[in-house]
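J.: I am sharing my_file13.cif, which consists of mmCIF, C-alpha atoms:
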```
data_final
loop_
_atom_site.group_PDB
_atom_site.id
_atom_site.type_symbol
_atom_site.label_atom_id
_atom_site.label_comp_id
_atom_site.auth_asym_id
_atom_site.auth_seq_id
_atom_site.Cartn_x
_atom_site.Cartn_y
_atom_site.Cartn_z
ATOM 1 C CA GLY I 1 63.891 95.233 7.617
ATOM 2 C CA GLN I 2 67.296 96.613 6.821
ATOM 3 C CA ASN I 3 70.522 95.556 8.492
ATOM 4 C CA ILE I 4 73.394 98.024 8.511
ATOM 5 C CA ASP I 5 76.500 97.401 10.586
ATOM 6 C CA GLN I 6 79.392 99.683 11.419
ATOM 7 C CA PRO I 7 81.840 99.806 14.317
ATOM 8 C CA THR I 8 80.772 101.675 17.409
ATOM 9 C CA GLU I 9 83.938 103.620 18.093
ATOM 10 C CA MET I 10 87.317 104.399 16.564
ATOM 11 C CA THR I 11 90.213 106.455 17.841
ATOM 12 C CA ALA I 12 93.074 107.915 15.830
ATOM 13 C CA THR I 13 95.735 110.575 16.149
ATOM 14 C CA GLU I 14 95.793 113.904 14.408
ATOM 15 C CA GLY I 15 97.197 113.651 10.896
ATOM 16 C CA ALA I 16 96.509 109.939 10.623
ATOM 17 C CA ILE I 17 94.094 108.022 8.403
ATOM 18 C CA VAL I 18 90.989 106.197 9.594
ATOM 19 C CA GLN I 19 88.767 103.828 7.658
ATOM 20 C CA ILE I 20 85.194 103.220 8.779
ATOM 21 C CA ASN I 21 83.619 100.085 7.372
ATOM 22 C CA CYS I 22 79.948 99.512 6.757
ATOM 23 C CA THR I 23 78.220 96.325 5.724
ATOM 24 C CA TYR I 24 74.589 96.161 4.766
ATOM 25 C CA GLN I 25 71.769 93.838 3.846
ATOM 26 C CA THR I 26 68.737 95.620 2.476
ATOM 27 C CA SER I 27 65.629 94.998 0.438
ATOM 28 C CA GLY I 28 66.730 96.594 -2.785
ATOM 29 C CA PHE I 29 69.516 99.122 -3.162
ATOM 30 C CA ASN I 30 69.440 102.647 -4.518
ATOM 31 C CA GLY I 31 72.647 104.023 -3.140
ATOM 32 C CA LEU I 32 74.612 104.589 0.063
ATOM 33 C CA PHE I 33 75.307 107.816 1.910
ATOM 34 C CA TRP I 34 77.873 108.773 4.506
ATOM 35 C CA TYR I 35 77.018 111.567 6.911
ATOM 36 C CA GLN I 36 78.891 113.352 9.660
ATOM 37 C CA GLN I 37 76.972 114.269 12.787
ATOM 38 C CA HIS I 38 78.031 116.317 15.785
ATOM 39 C CA ALA I 39 76.119 115.901 19.021
ATOM 40 C CA GLY I 40 72.797 117.721 19.006
ATOM 41 C CA GLU I 41 73.001 118.618 15.343
ATOM 42 C CA ALA I 42 71.516 117.266 12.141
ATOM 43 C CA PRO I 43 73.628 115.009 9.917
ATOM 44 C CA THR I 44 75.665 116.700 7.223
ATOM 45 C CA PHE I 45 76.261 115.082 3.846
ATOM 46 C CA LEU I 46 79.705 113.679 3.109
ATOM 47 C CA SER I 47 79.337 111.320 0.166
ATOM 48 C CA TYR I 48 77.016 109.260 -1.994
ATOM 49 C CA ASN I 49 77.842 106.058 -3.846
ATOM 50 C CA VAL I 50 75.511 104.181 -6.132
ATOM 51 C CA LEU I 51 78.016 102.487 -8.437
ATOM 52 C CA ASP I 52 80.952 100.323 -7.427
ATOM 53 C CA GLY I 53 84.212 102.073 -6.870
ATOM 54 C CA LEU I 54 85.881 104.909 -5.070
ATOM 55 C CA GLU I 55 84.586 108.469 -4.813
ATOM 56 C CA GLU I 56 87.155 110.991 -3.649
ATOM 57 C CA LYS I 57 86.300 114.390 -2.250
ATOM 58 C CA GLY I 58 89.168 116.209 -0.629
ATOM 59 C CA ARG I 59 90.259 114.492 2.570
ATOM 60 C CA PHE I 60 87.269 112.166 2.477
ATOM 61 C CA SER I 61 86.814 109.181 0.173
ATOM 62 C CA SER I 62 84.093 106.570 0.039
ATOM 63 C CA PHE I 63 84.112 103.146 -1.552
ATOM 64 C CA LEU I 64 81.289 100.830 -2.515
ATOM 65 C CA SER I 65 81.053 97.179 -3.488
ATOM 66 C CA ARG I 66 77.456 96.270 -4.201
ATOM 67 C CA SER I 67 78.175 92.575 -4.676
ATOM 68 C CA LYS I 68 79.717 92.410 -1.201
ATOM 69 C CA GLY I 69 77.228 94.747 0.469
ATOM 70 C CA TYR I 70 80.180 96.765 1.702
ATOM 71 C CA SER I 71 81.292 100.347 1.883
ATOM 72 C CA TYR I 72 83.971 102.290 3.677
ATOM 73 C CA LEU I 73 84.621 105.924 4.451
ATOM 74 C CA LEU I 74 88.260 106.963 4.481
ATOM 75 C CA LEU I 75 89.282 110.053 6.403
ATOM 76 C CA LYS I 76 92.780 111.306 5.647
ATOM 77 C CA GLU I 77 94.949 113.884 7.399
ATOM 78 C CA LEU I 78 92.718 113.776 10.439
ATOM 79 C CA GLN I 79 92.016 117.010 12.223
ATOM 80 C CA MET I 80 90.622 117.564 15.698
ATOM 81 C CA LYS I 81 87.420 118.935 14.183
ATOM 82 C CA ASP I 82 86.818 115.537 12.543
ATOM 83 C CA SER I 83 85.877 114.136 15.952
ATOM 84 C CA ALA I 84 82.213 113.287 15.396
ATOM 85 C CA SER I 85 79.809 110.465 14.682
ATOM 86 C CA TYR I 86 79.832 109.057 11.141
ATOM 87 C CA LEU I 87 76.659 107.501 9.863
ATOM 88 C CA CYS I 88 76.349 104.974 7.070
ATOM 89 C CA ALA I 89 72.899 105.196 5.476
ATOM 90 C CA VAL I 90 71.443 103.016 2.745
ATOM 91 C CA VAL I 91 68.646 103.812 0.319
ATOM 92 C CA PRO I 92 66.647 100.591 0.013
ATOM 93 C CA GLY I 93 64.081 99.758 -2.627
ATOM 94 C CA ASP I 94 61.336 101.793 -0.944
ATOM 95 C CA TYR I 95 63.613 104.860 -0.665
ATOM 96 C CA LYS I 96 63.200 105.037 3.125
ATOM 97 C CA LEU I 97 66.725 106.050 4.060
ATOM 98 C CA SER I 98 67.973 103.689 6.772
ATOM 99 C CA PHE I 99 70.859 104.442 9.094
ATOM 100 C CA GLY I 100 73.483 102.364 10.774
ATOM 101 C CA ALA I 101 74.117 102.937 14.462
ATOM 102 C CA GLY I 102 76.968 105.322 13.737
ATOM 103 C CA THR I 103 80.689 105.257 14.447
ATOM 104 C CA THR I 104 82.079 107.718 16.956
ATOM 105 C CA VAL I 105 85.516 108.857 15.849
ATOM 106 C CA THR I 106 87.771 110.481 18.413
ATOM 107 C CA VAL I 107 90.832 112.320 17.134
ATOM 108 C CA ARG I 108 93.641 112.730 19.653
ATOM 109 C CA ALA I 109 96.487 115.192 19.505
ATOM 110 C CA GLY A 1 71.033 124.161 -2.507
ATOM 111 C CA ALA A 2 67.949 122.587 -1.047
ATOM 112 C CA VAL A 3 67.017 123.787 2.443
ATOM 113 C CA VAL A 4 64.577 122.393 4.964
ATOM 114 C CA SER A 5 63.653 124.720 7.798
ATOM 115 C CA GLN A 6 62.657 122.974 11.019
ATOM 116 C CA HIS A 7 61.053 124.695 14.004
ATOM 117 C CA PRO A 8 61.333 124.897 16.883
ATOM 118 C CA SER A 9 64.989 124.052 17.496
ATOM 119 C CA TRP A 10 64.213 123.098 21.035
ATOM 120 C CA VAL A 11 61.147 122.924 23.205
ATOM 121 C CA ILE A 12 60.416 122.084 26.820
ATOM 122 C CA CYS A 13 56.878 121.047 27.637
ATOM 123 C CA LYS A 14 54.949 119.645 30.549
ATOM 124 C CA SER A 15 53.938 116.028 30.633
ATOM 125 C CA GLY A 16 50.503 115.551 29.089
ATOM 126 C CA THR A 17 50.695 118.471 26.701
ATOM 127 C CA SER A 18 51.105 118.373 22.928
ATOM 128 C CA VAL A 19 53.941 119.763 20.854
ATOM 129 C CA LYS A 20 53.970 120.541 17.142
ATOM 130 C CA ILE A 21 57.140 120.454 15.054
ATOM 131 C CA GLU A 22 57.188 121.983 11.581
ATOM 132 C CA CYS A 23 59.376 121.291 8.593
ATOM 133 C CA ARG A 24 59.268 123.503 5.545
ATOM 134 C CA SER A 25 61.123 122.989 2.292
ATOM 135 C CA LEU A 26 62.201 126.486 1.303
ATOM 136 C CA ASP A 27 63.356 126.217 -2.281
ATOM 137 C CA PHE A 28 61.997 122.938 -3.550
ATOM 138 C CA GLN A 29 58.872 120.838 -3.387
ATOM 139 C CA ALA A 30 59.125 117.893 -1.047
ATOM 140 C CA THR A 31 56.998 115.028 -2.281
ATOM 141 C CA THR A 32 58.042 112.834 0.617
ATOM 142 C CA MET A 33 59.008 113.766 4.159
ATOM 143 C CA PHE A 34 60.613 111.367 6.587
ATOM 144 C CA TRP A 35 60.487 111.811 10.357
ATOM 145 C CA TYR A 36 63.253 110.395 12.514
ATOM 146 C CA ARG A 37 63.865 110.189 16.235
ATOM 147 C CA GLN A 38 67.288 109.957 17.807
ATOM 148 C CA PHE A 39 67.980 109.078 21.428
ATOM 149 C CA PRO A 40 71.346 109.982 22.976
ATOM 150 C CA LYS A 41 74.267 108.046 21.511
ATOM 151 C CA GLN A 42 71.974 106.174 19.163
ATOM 152 C CA SER A 43 71.352 106.487 15.464
ATOM 153 C CA LEU A 44 68.398 107.952 13.630
ATOM 154 C CA MET A 45 65.359 105.715 13.743
ATOM 155 C CA LEU A 46 62.702 106.222 11.111
ATOM 156 C CA MET A 47 59.318 106.893 12.672
ATOM 157 C CA ALA A 48 57.110 107.561 9.675
ATOM 158 C CA THR A 49 56.948 108.586 6.052
ATOM 159 C CA SER A 50 54.528 111.165 4.760
ATOM 160 C CA ASN A 51 53.541 111.973 1.208
ATOM 161 C CA GLU A 52 51.775 115.166 0.285
ATOM 162 C CA GLY A 53 48.015 114.775 0.409
ATOM 163 C CA SER A 54 47.937 111.248 1.785
ATOM 164 C CA LYS A 55 48.107 109.526 5.137
ATOM 165 C CA ALA A 56 51.468 108.898 6.699
ATOM 166 C CA THR A 57 52.837 105.397 6.967
ATOM 167 C CA TYR A 58 54.322 104.507 10.330
ATOM 168 C CA GLU A 59 57.149 102.151 11.155
ATOM 169 C CA GLN A 60 56.512 99.197 13.366
ATOM 170 C CA GLY A 61 56.244 100.154 17.015
ATOM 171 C CA VAL A 62 55.421 103.820 16.390
ATOM 172 C CA GLU A 63 51.994 104.857 17.642
ATOM 173 C CA LYS A 64 50.169 106.742 14.926
ATOM 174 C CA ASP A 65 47.676 108.255 17.372
ATOM 175 C CA LYS A 66 50.484 109.647 19.469
ATOM 176 C CA PHE A 67 52.646 111.009 16.671
ATOM 177 C CA LEU A 68 50.330 112.826 14.303
ATOM 178 C CA ILE A 69 51.804 113.716 10.936
ATOM 179 C CA ASN A 70 50.290 116.118 8.454
ATOM 180 C CA HIS A 71 51.688 116.790 4.997
ATOM 181 C CA ALA A 72 49.108 119.171 3.591
ATOM 182 C CA SER A 73 51.303 120.799 0.983
ATOM 183 C CA LEU A 74 54.454 120.119 -0.984
ATOM 184 C CA THR A 75 56.396 122.494 1.249
ATOM 185 C CA LEU A 76 55.100 121.790 4.750
ATOM 186 C CA SER A 77 54.956 118.737 6.977
ATOM 187 C CA THR A 78 54.196 118.731 10.686
ATOM 188 C CA LEU A 79 54.707 116.232 13.483
ATOM 189 C CA THR A 80 52.586 116.615 16.603
ATOM 190 C CA VAL A 81 53.587 114.704 19.700
ATOM 191 C CA THR A 82 50.336 114.313 21.612
ATOM 192 C CA SER A 83 50.089 113.810 25.364
ATOM 193 C CA ALA A 84 53.859 113.919 25.647
ATOM 194 C CA HIS A 85 55.627 111.961 28.371
ATOM 195 C CA PRO A 86 59.219 112.133 29.603
ATOM 196 C CA GLU A 87 60.110 109.046 27.556
ATOM 197 C CA ASP A 88 59.244 111.032 24.411
ATOM 198 C CA SER A 89 62.140 113.351 25.152
ATOM 199 C CA SER A 90 64.402 112.978 22.150
ATOM 200 C CA PHE A 91 65.894 114.665 19.112
ATOM 201 C CA TYR A 92 63.414 114.741 16.220
ATOM 202 C CA ILE A 93 64.645 115.357 12.665
ATOM 203 C CA CYS A 94 62.795 115.597 9.392
ATOM 204 C CA SER A 95 64.225 114.781 5.990
ATOM 205 C CA ALA A 96 62.755 115.583 2.611
ATOM 206 C CA ARG A 97 63.125 114.060 -0.800
ATOM 207 C CA ASP A 98 62.705 116.506 -3.611
ATOM 208 C CA LEU A 99 60.540 115.980 -6.676
ATOM 209 C CA GLU A 100 63.475 114.570 -8.592
ATOM 210 C CA GLY A 101 64.088 112.197 -5.705
ATOM 211 C CA ILE A 102 67.825 112.493 -5.953
ATOM 212 C CA GLY A 103 68.822 113.593 -2.499
ATOM 213 C CA TYR A 104 67.695 113.851 1.066
ATOM 214 C CA THR A 105 67.752 117.208 2.811
ATOM 215 C CA PHE A 106 67.612 117.290 6.594
ATOM 216 C CA GLY A 107 66.062 119.833 8.877
ATOM 217 C CA SER A 108 68.176 121.153 11.734
ATOM 218 C CA GLY A 109 66.375 119.027 14.292
ATOM 219 C CA THR A 110 64.202 119.670 17.342
ATOM 220 C CA ARG A 111 65.315 118.835 20.859
ATOM 221 C CA LEU A 112 62.187 117.925 22.819
ATOM 222 C CA THR A 113 62.328 117.728 26.596
ATOM 223 C CA VAL A 114 59.222 116.656 28.462
ATOM 224 C CA VAL A 115 59.211 117.464 32.171
#
```
Hey, can you dump this file as structure tokens for me?
T.:
Amino acid sequence: GQNIDQPTEMTATEGAIVQINCTYQTSGFNGLFWYQQHAGEAPTFLSYNVLDGLEEKGRFSSFLSRSKGYSYLLLKELQMKDSASYLCAVVPGDYKLSFGAGTTVTVRA
Amino acid sequence: GAVVSQHPSWVICKSGTSVKIECRSLDFQATTMFWYRQFPKQSLMLMATSNEGSKATYEQGVEKDKFLINHASLTLSTLTVTSAHPEDSSFYICSARDLEGIGYTFGSGTRLTVV
């Protein structure tokens, strides 16, 4: 099976920066996704990394180190609407996308 | 972009009845469809994988006779929850890989409540 770990909860203030870490151990690796999910809704795509390094997209950035089995999602200039669950998902060798438990981020004024 | 239409968005059914959930890929052909279940405050758990024209493969612990999956065409996959019980109440989401296999497109999800 796949093992994907991320923190359960994080809290930050509006305008701040938060980094959500994800470590994984999978059978094969074909990339890593980060999704945002609000309660009762489907996940929405944030980023995809398949090569080592940093991918920047506006206020969100994602980093991958394949040798360390490690990724992080960086959220800058936090806004209240960023309060949500953030899911780390890995594409293993069989392409069955596997999710971590999710990190609930609460943004406070 | 790729769109997967999932219906119904929510359904309430009586215990013992069956419920069918449909996922249609609207502008691409989905060779593989994944079905997930999500309980409150938990992550998405893969239930089964279906490929067009072949039998679905189920994850460990998922009863294939209870959760019937049909993937008869490249644009339609269905999940039928048979003889539903209150413990089957959950959020069910489908996800499709396109023919190029580059991305995963999610349906909007179905909230099932069994009373």
J.: Taking the file as shown, what set of residues would the PyMOL selection byres ((chain A) within 12 of (chain I)) give back, as a VMD selection string?
T.: chain A and resid 4 to 6 9 to 10 32 to 50 57 to 60 90 to 97 101 to 112
J.: Which residues match the PyMOL selection byres ((chain A and resi 70) around 8) in the file above, as a ChimeraX atom specification?
T.: /A:50,55-56,68-69,71-72,77-79
J.: Mind writing the picked residues with C-alpha atoms as an mmCIF file, in the frame of the given file?
T.:
```
data_model
loop_
_atom_site.group_PDB
_atom_site.id
_atom_site.type_symbol
_atom_site.label_atom_id
_atom_site.label_comp_id
_atom_site.auth_asym_id
_atom_site.auth_seq_id
_atom_site.Cartn_x
_atom_site.Cartn_y
_atom_site.Cartn_z
ATOM 1 C CA SER A 50 54.528 111.165 4.760
ATOM 2 C CA LYS A 55 48.107 109.526 5.137
ATOM 3 C CA ALA A 56 51.468 108.898 6.699
ATOM 4 C CA LEU A 68 50.330 112.826 14.303
ATOM 5 C CA ILE A 69 51.804 113.716 10.936
ATOM 6 C CA HIS A 71 51.688 116.790 4.997
ATOM 7 C CA ALA A 72 49.108 119.171 3.591
ATOM 8 C CA SER A 77 54.956 118.737 6.977
ATOM 9 C CA THR A 78 54.196 118.731 10.686
ATOM 10 C CA LEU A 79 54.707 116.232 13.483
#
```
J.: Expressed in Å to a single decimal, how great is the separation between atom CA of Leu54 of chain I and atom CA of Arg108 of chain I?
T.: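 These two atoms are separated by 27.1 Å.
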J.: Run through the PyMOL selection byres ((chain I and resi 82) around 8) on the given coordinates and return the selected residues as a list in words.
T.: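 For this structure, the PyMOL selection byres ((chain I and resi 82) around 8) captures Leu78, Gln79, Met80, Lys81, Ser83, Ala84, Val105, Thr106 and Val107 of chain I.
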J.: Considering all atoms listed in the file, return as a count of residues only whatever protein or nucleic-acid residues lie within 8 Å of segment 17-22 of chain I, sequence-local ones (same chain, fewer than 4 positions apart) excluded.
T.: 16
J.: Separation of atom CA of Gly93 of chain I and atom CA of Leu51 of chain I, in Å?
T.: 15.3 Å
J.: Could you check how far atom CA of Gly31 of chain I sits from atom CA of Ser47 of chain I, in Å to one decimal?
T.: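 Going from atom CA of Gly31 of chain I over to atom CA of Ser47 of chain I, I get 10.4 Å.
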J.: Can you pull out the residues contacting His7 of chain A? Cut-off 7 Å, using all atoms listed in the file, and skip same-chain residues under 5 positions away; I want them as a list in words.
T.: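 Near His7 of chain A, the qualifying residues are Ile21, Glu22, Cys23 and Thr110 of chain A.
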